[in-house]
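Source file coords-v5.cif; content: mmCIF, C-alpha atoms.
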```cif
data_query
loop_
_atom_site.group_PDB
_atom_site.id
_atom_site.type_symbol
_atom_site.label_atom_id
_atom_site.label_comp_id
_atom_site.auth_asym_id
_atom_site.auth_seq_id
_atom_site.Cartn_x
_atom_site.Cartn_y
_atom_site.Cartn_z
ATOM 1 C CA MET C 29 89.590 -27.044 22.171
ATOM 2 C CA ALA C 30 91.389 -29.993 20.593
ATOM 3 C CA ARG C 31 94.375 -29.150 18.455
ATOM 4 C CA PHE C 32 93.854 -29.470 14.696
ATOM 5 C CA ARG C 33 96.061 -32.088 13.070
ATOM 6 C CA PHE C 34 96.046 -32.605 9.317
ATOM 7 C CA ARG C 35 97.009 -36.177 8.516
ATOM 8 C CA LEU C 36 98.495 -35.139 5.143
ATOM 9 C CA GLU C 37 100.659 -32.359 6.603
ATOM 10 C CA VAL C 38 103.930 -34.135 5.781
ATOM 11 C CA PRO C 39 103.013 -34.762 2.109
ATOM 12 C CA LEU C 40 101.870 -31.125 1.882
ATOM 13 C CA LYS C 41 105.194 -29.862 3.255
ATOM 14 C CA LEU C 42 107.113 -32.159 0.905
ATOM 15 C CA ALA C 43 105.050 -30.968 -2.062
ATOM 16 C CA ARG C 44 105.751 -27.343 -1.119
ATOM 17 C CA VAL C 45 109.479 -28.072 -0.892
ATOM 18 C CA GLU C 46 109.335 -29.787 -4.290
ATOM 19 C CA ARG C 47 107.422 -26.844 -5.752
ATOM 20 C CA ASP C 48 110.063 -24.424 -4.475
ATOM 21 C CA ARG C 49 112.829 -26.616 -5.899
ATOM 22 C CA ARG C 50 111.065 -26.747 -9.273
ATOM 23 C CA ARG C 51 110.671 -22.962 -9.246
ATOM 24 C CA ARG C 52 114.393 -22.493 -8.591
ATOM 25 C CA GLU C 53 115.235 -25.006 -11.309
ATOM 26 C CA LEU C 54 113.023 -23.184 -13.808
ATOM 27 C CA GLY C 55 114.565 -19.854 -12.822
ATOM 28 C CA GLU C 56 118.061 -21.206 -13.406
ATOM 29 C CA LEU C 57 117.045 -22.604 -16.801
ATOM 30 C CA LEU C 58 115.490 -19.289 -17.791
ATOM 31 C CA ARG C 59 118.622 -17.394 -16.772
ATOM 32 C CA GLU C 60 120.775 -19.766 -18.799
ATOM 33 C CA LEU C 61 118.408 -19.510 -21.765
ATOM 34 C CA VAL C 62 118.564 -15.704 -21.632
ATOM 35 C CA THR C 63 122.365 -15.922 -21.539
ATOM 36 C CA VAL C 64 122.451 -18.190 -24.614
ATOM 37 C CA GLU C 65 119.981 -15.972 -26.476
ATOM 38 C CA ALA C 66 122.096 -12.916 -25.658
ATOM 39 C CA ALA C 67 125.193 -14.767 -26.917
ATOM 40 C CA LEU C 68 123.344 -15.589 -30.144
ATOM 41 C CA ALA C 69 122.348 -11.941 -30.563
ATOM 42 C CA ARG C 70 125.955 -10.808 -29.986
ATOM 43 C CA LEU C 71 127.171 -13.455 -32.411
ATOM 44 C CA GLU C 72 124.756 -12.202 -35.052
ATOM 45 C CA GLU C 73 125.965 -8.639 -34.528
ATOM 46 C CA ASP C 74 129.596 -9.769 -34.731
ATOM 47 C CA GLU C 75 128.905 -11.753 -37.918
ATOM 48 C CA ARG C 76 127.286 -8.695 -39.509
ATOM 49 C CA ALA C 77 130.165 -6.487 -38.397
ATOM 50 C CA TRP C 78 132.753 -8.837 -39.917
ATOM 51 C CA ALA C 79 130.690 -9.160 -43.112
ATOM 52 C CA HIS C 80 130.698 -5.348 -43.392
ATOM 53 C CA GLU C 81 134.421 -5.333 -42.585
ATOM 54 C CA LEU C 82 135.034 -7.884 -45.343
ATOM 55 C CA LEU C 83 133.035 -5.784 -47.831
ATOM 56 C CA ALA C 84 134.786 -2.595 -46.781
ATOM 57 C CA ARG C 85 138.217 -4.189 -47.203
ATOM 58 C CA ALA C 86 137.248 -5.543 -50.625
ATOM 59 C CA ARG C 87 135.983 -2.094 -51.743
ATOM 60 C CA GLU C 88 139.189 -0.511 -50.571
ATOM 61 C CA GLY C 89 141.008 -2.884 -52.858
ATOM 62 C CA GLU C 90 142.598 -4.953 -50.174
ATOM 63 C CA THR C 91 143.513 -8.442 -51.285
ATOM 64 C CA GLY C 92 145.190 -11.518 -49.930
ATOM 65 C CA ALA C 93 145.926 -11.734 -46.211
ATOM 66 C CA GLY C 94 143.599 -8.925 -45.097
ATOM 67 C CA LEU C 95 140.571 -10.404 -46.823
ATOM 68 C CA ALA C 96 141.497 -13.915 -45.726
ATOM 69 C CA GLU C 97 141.731 -12.734 -42.119
ATOM 70 C CA ALA C 98 138.283 -11.103 -42.233
ATOM 71 C CA ALA C 99 136.749 -14.108 -44.004
ATOM 72 C CA ALA C 100 138.325 -16.533 -41.487
ATOM 73 C CA MET C 101 137.001 -14.507 -38.550
ATOM 74 C CA ARG C 102 133.530 -14.453 -40.072
ATOM 75 C CA GLU C 103 133.667 -18.247 -40.545
ATOM 76 C CA ARG C 104 134.812 -18.789 -36.944
ATOM 77 C CA LEU C 105 131.835 -16.784 -35.799
ATOM 78 C CA ARG C 106 129.494 -18.741 -38.080
ATOM 79 C CA SER C 107 130.832 -22.026 -36.754
ATOM 80 C CA ARG C 108 129.753 -21.050 -33.215
ATOM 81 C CA ARG C 109 126.118 -20.535 -34.279
ATOM 82 C CA PRO C 110 125.115 -24.244 -34.514
ATOM 83 C CA VAL C 111 126.532 -24.928 -31.053
ATOM 84 C CA LEU C 112 124.622 -22.031 -29.502
ATOM 85 C CA GLU C 113 121.422 -22.883 -31.388
ATOM 86 C CA ALA C 114 121.631 -26.514 -30.250
ATOM 87 C CA ARG C 115 122.092 -25.329 -26.661
ATOM 88 C CA GLN C 116 119.146 -22.958 -27.066
ATOM 89 C CA ARG C 117 116.908 -25.797 -28.327
ATOM 90 C CA GLU C 118 118.040 -28.063 -25.483
ATOM 91 C CA LEU C 119 117.332 -25.385 -22.889
ATOM 92 C CA ALA C 120 113.950 -24.573 -24.444
ATOM 93 C CA GLU C 121 112.980 -28.252 -24.219
ATOM 94 C CA ARG C 122 114.186 -28.463 -20.624
ATOM 95 C CA GLU C 123 112.204 -25.286 -19.884
ATOM 96 C CA ARG C 124 109.012 -26.890 -21.244
ATOM 97 C CA GLU C 125 109.652 -29.971 -19.099
ATOM 98 C CA ALA C 126 110.410 -27.854 -16.033
ATOM 99 C CA ARG C 127 107.233 -25.791 -16.525
ATOM 100 C CA SER C 128 105.196 -28.976 -16.857
ATOM 101 C CA ALA C 129 106.744 -30.488 -13.726
ATOM 102 C CA LEU C 130 106.177 -27.236 -11.832
ATOM 103 C CA ALA C 131 102.541 -27.146 -12.956
ATOM 104 C CA ASP C 132 102.056 -30.746 -11.765
ATOM 105 C CA VAL C 133 103.522 -30.166 -8.317
ATOM 106 C CA THR C 134 101.649 -26.856 -8.008
ATOM 107 C CA ARG C 135 98.393 -28.727 -8.653
ATOM 108 C CA GLN C 136 99.358 -31.260 -5.971
ATOM 109 C CA VAL C 137 100.024 -28.467 -3.490
ATOM 110 C CA LYS C 138 96.695 -26.804 -4.289
ATOM 111 C CA VAL C 139 94.802 -30.081 -3.855
ATOM 112 C CA LEU C 140 96.502 -30.793 -0.531
ATOM 113 C CA GLU C 141 95.922 -27.207 0.646
ATOM 114 C CA ARG C 142 92.245 -27.474 -0.300
ATOM 115 C CA LEU C 143 91.992 -30.796 1.576
ATOM 116 C CA ARG C 144 93.709 -29.191 4.569
ATOM 117 C CA GLN C 145 91.270 -26.273 4.538
ATOM 118 C CA GLU C 146 88.283 -28.626 4.296
ATOM 119 C CA ALA C 147 89.644 -30.768 7.147
ATOM 120 C CA ARG C 148 90.206 -27.644 9.234
ATOM 121 C CA LEU C 149 86.629 -26.495 8.640
ATOM 122 C CA ARG C 150 85.312 -29.959 9.587
ATOM 123 C CA HIS C 151 87.433 -29.845 12.738
ATOM 124 C CA LEU C 152 86.068 -26.407 13.655
ATOM 125 C CA ARG C 153 82.471 -27.559 13.084
ATOM 126 C CA GLU C 154 83.062 -30.645 15.248
ATOM 127 C CA GLU C 155 84.569 -28.474 17.972
ATOM 128 C CA GLU C 156 81.577 -26.144 17.834
ATOM 129 C CA LYS C 157 79.215 -29.139 18.131
ATOM 130 C CA ARG C 158 81.221 -30.500 21.065
ATOM 131 C CA GLU C 159 81.148 -27.126 22.807
ATOM 132 C CA ALA C 160 77.411 -26.767 22.164
ATOM 133 C CA ALA C 161 76.847 -30.242 23.623
ATOM 134 C CA GLU C 162 78.893 -29.328 26.712
ATOM 135 C CA VAL C 163 76.880 -26.133 27.192
ATOM 136 C CA GLU C 164 73.654 -28.082 26.771
ATOM 137 C CA ASP C 165 74.820 -30.659 29.323
ATOM 138 C CA LEU C 166 75.650 -27.852 31.757
ATOM 139 C CA VAL C 167 72.258 -26.214 31.229
ATOM 140 C CA LEU C 168 70.403 -29.514 31.631
ATOM 141 C CA GLY C 169 72.465 -30.355 34.699
ATOM 142 C CA ARG C 170 71.621 -26.975 36.206
ATOM 143 C CA ARG C 171 67.919 -27.493 35.471
ATOM 144 C CA ARG C 172 67.968 -30.940 37.088
ATOM 145 C CA HIS C 173 69.726 -29.480 40.098
ATOM 146 C CA LEU C 174 67.087 -26.754 40.402
ATOM 147 C CA GLU C 175 64.254 -29.253 39.981
ATOM 148 C CA LEU C 176 65.739 -31.500 42.654
ATOM 149 C CA ALA C 177 66.146 -28.538 44.969
ATOM 150 C CA ARG C 178 62.537 -27.518 44.333
ATOM 151 C CA MET C 179 61.308 -31.062 44.948
ATOM 152 C CA ARG C 180 63.189 -31.253 48.256
ATOM 153 C CA GLY C 181 61.842 -27.924 49.311
ATOM 154 C CA GLU C 182 58.239 -28.857 48.510
ATOM 155 C CA GLY C 183 58.356 -32.374 49.857
#
```
For the file at hand, write its structure as structure tokens.
Amino acid sequence: MARFRFRLEVPLKLARVERDRRRRELGELLRELVTVEAALARLEEDERAWAHELLARAREGETGAGLAEAAAMRERLRSRRPVLEARQRELAEREREARSALADVTRQVKVLERLRQEARLRHLREEEKREAAEVEDLVLGRRRHLELARMRGEG
């Protein structure tokens, strides 16, 4: 039996490597996005905590430096929000692009795998036809041999 060789094997392997790379890239983006979202959630909690702290200090009658300290801390926290939100938007956009690129290369892999499977089936059918032809040639050769032997014996 002749060995099956798929002429697009190299592009298929390259597409699989690219698909794996895209998957890793998407995974890294998702991890970073989760980290930024967790930082935003912590920031929100910290902002609320300092807002409550500011209110509590004001109710207790604290004035001056104590209130200024709490207000300044709350403002520092607020100033971090736009940076984290911008990073979150950037990562979300990169995630969409990475998902799209992954989908494209996954389609390429599927097409090449389907072509490989079809080529393999064609190869198997051709091999079966070749083997059937060889068997038929052997059978016909045997018949001719028997006929010749019979003709020699009768003649």
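What separates atom CA of Thr91 of chain C from atom CA of Asp74 of chain C is a distance of 21.7 Å.
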- Item | Contacts of Ser128 of chain C at 12 Å (all atoms listed in the file; same-chain gap of 4+ positions) as a PyMOL selection string | chain C and resi 47+50-51+54+121-124+132-135
- Message: Can you pull out the residues contacting segment 34-41 of chain C? Cut-off 8 Å, using only C-alpha atoms, and skip same-chain residues under 4 positions away; I want them as a PyMOL selection string.
- Response: chain C and resi 45+137+140-141+144+147-148
- Query: Do you know which residues are at most 12 Å from Arg153 of chain C counting all atoms listed in the file, after dropping those on the same chain fewer than 5 positions away, and could you put them as an MDAnalysis selection string?
  - Reply: chainID C and resid 29:30 32 146:148 158:160
- Message: Residues within 12 Å of Arg108 of chain C, please, as a PyMOL selection string. Count only C-alpha atoms; anything in the same chain fewer than 2 positions from it doesn't count.
- Response: chain C and resi 64+67-68+70-72+74-75+101-106+110-115
Edge lengths and centre in Å to one decimal, as lines of an AutoDock Vina configuration file, of the axis-aligned box that encloses all listed atoms of segment 134-139 of chain C with 8 Å added on every side?
```
center_x = 98.2
center_y = -29.0
center_z = -6.1
size_x = 22.8
size_y = 20.5
size_z = 21.2
```
- Hey, what comes out of the PyMOL selection byres ((chain C and resi 98) around 8) on this file? Could you write it as a ChimeraX atom specification? /C:78-79,81-82,94-97,99-102
- atom CA of His173 of chain C sits from atom CA of Ala161 of chain C at a separation of 18.0 Å
- How many Å separate atom CA of Glu88 of chain C from atom CA of Glu73 of chain C? 22.3 Å
- Counting only C-alpha atoms, the residue of C:Glu175, C:Glu162, C:Glu118, C:Glu156 that sits nearest Leu58 of chain C: C:Glu118
Generate a file for segment 87-105 of chain C, containing N, CA and C atoms, as a short mmCIF file (atom, residue, chain, number, x, y, z; two decimals), in the first residue's frame.
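Generated file (decode.cif):
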```
data_model
loop_
_atom_site.label_atom_id
_atom_site.label_comp_id
_atom_site.auth_asym_id
_atom_site.auth_seq_id
_atom_site.Cartn_x
_atom_site.Cartn_y
_atom_site.Cartn_z
N ARG C 87 -19.31 63.47 60.75
CA ARG C 87 -20.36 63.32 61.76
C ARG C 87 -19.78 63.41 63.18
N GLU C 88 -18.56 62.91 63.29
CA GLU C 88 -17.91 62.94 64.60
C GLU C 88 -17.43 64.36 64.94
N GLY C 89 -17.56 65.24 63.97
CA GLY C 89 -17.17 66.61 64.22
C GLY C 89 -15.73 66.93 63.89
N GLU C 90 -15.07 65.99 63.27
CA GLU C 90 -13.68 66.23 62.91
C GLU C 90 -13.62 67.30 61.82
N THR C 91 -12.65 68.12 61.90
CA THR C 91 -12.48 69.18 60.89
C THR C 91 -11.03 69.24 60.47
N GLY C 92 -10.76 70.05 59.50
CA GLY C 92 -9.39 70.35 59.11
C GLY C 92 -8.62 69.19 58.51
N ALA C 93 -7.50 68.85 59.13
CA ALA C 93 -6.53 67.90 58.57
C ALA C 93 -7.12 66.50 58.40
N GLY C 94 -7.91 66.05 59.33
CA GLY C 94 -8.50 64.71 59.25
C GLY C 94 -9.43 64.57 58.06
N LEU C 95 -10.29 65.57 57.87
CA LEU C 95 -11.19 65.53 56.72
C LEU C 95 -10.42 65.70 55.41
N ALA C 96 -9.44 66.57 55.42
CA ALA C 96 -8.64 66.80 54.22
C ALA C 96 -7.90 65.53 53.81
N GLU C 97 -7.41 64.80 54.82
CA GLU C 97 -6.70 63.54 54.53
C GLU C 97 -7.64 62.53 53.88
N ALA C 98 -8.83 62.37 54.44
CA ALA C 98 -9.80 61.42 53.90
C ALA C 98 -10.26 61.84 52.50
N ALA C 99 -10.50 63.14 52.32
CA ALA C 99 -10.92 63.63 51.01
C ALA C 99 -9.80 63.45 49.97
N ALA C 100 -8.55 63.70 50.36
CA ALA C 100 -7.42 63.55 49.44
C ALA C 100 -7.26 62.08 49.04
N MET C 101 -7.42 61.18 49.99
CA MET C 101 -7.30 59.75 49.69
C MET C 101 -8.40 59.33 48.71
N ARG C 102 -9.61 59.81 48.96
CA ARG C 102 -10.72 59.47 48.08
C ARG C 102 -10.44 60.00 46.67
N GLU C 103 -9.90 61.18 46.54
CA GLU C 103 -9.58 61.77 45.24
C GLU C 103 -8.46 61.00 44.54
N ARG C 104 -7.46 60.55 45.29
CA ARG C 104 -6.39 59.74 44.70
C ARG C 104 -6.97 58.45 44.11
N LEU C 105 -7.89 57.87 44.86
CA LEU C 105 -8.53 56.65 44.36
C LEU C 105 -9.34 56.95 43.10
#
```
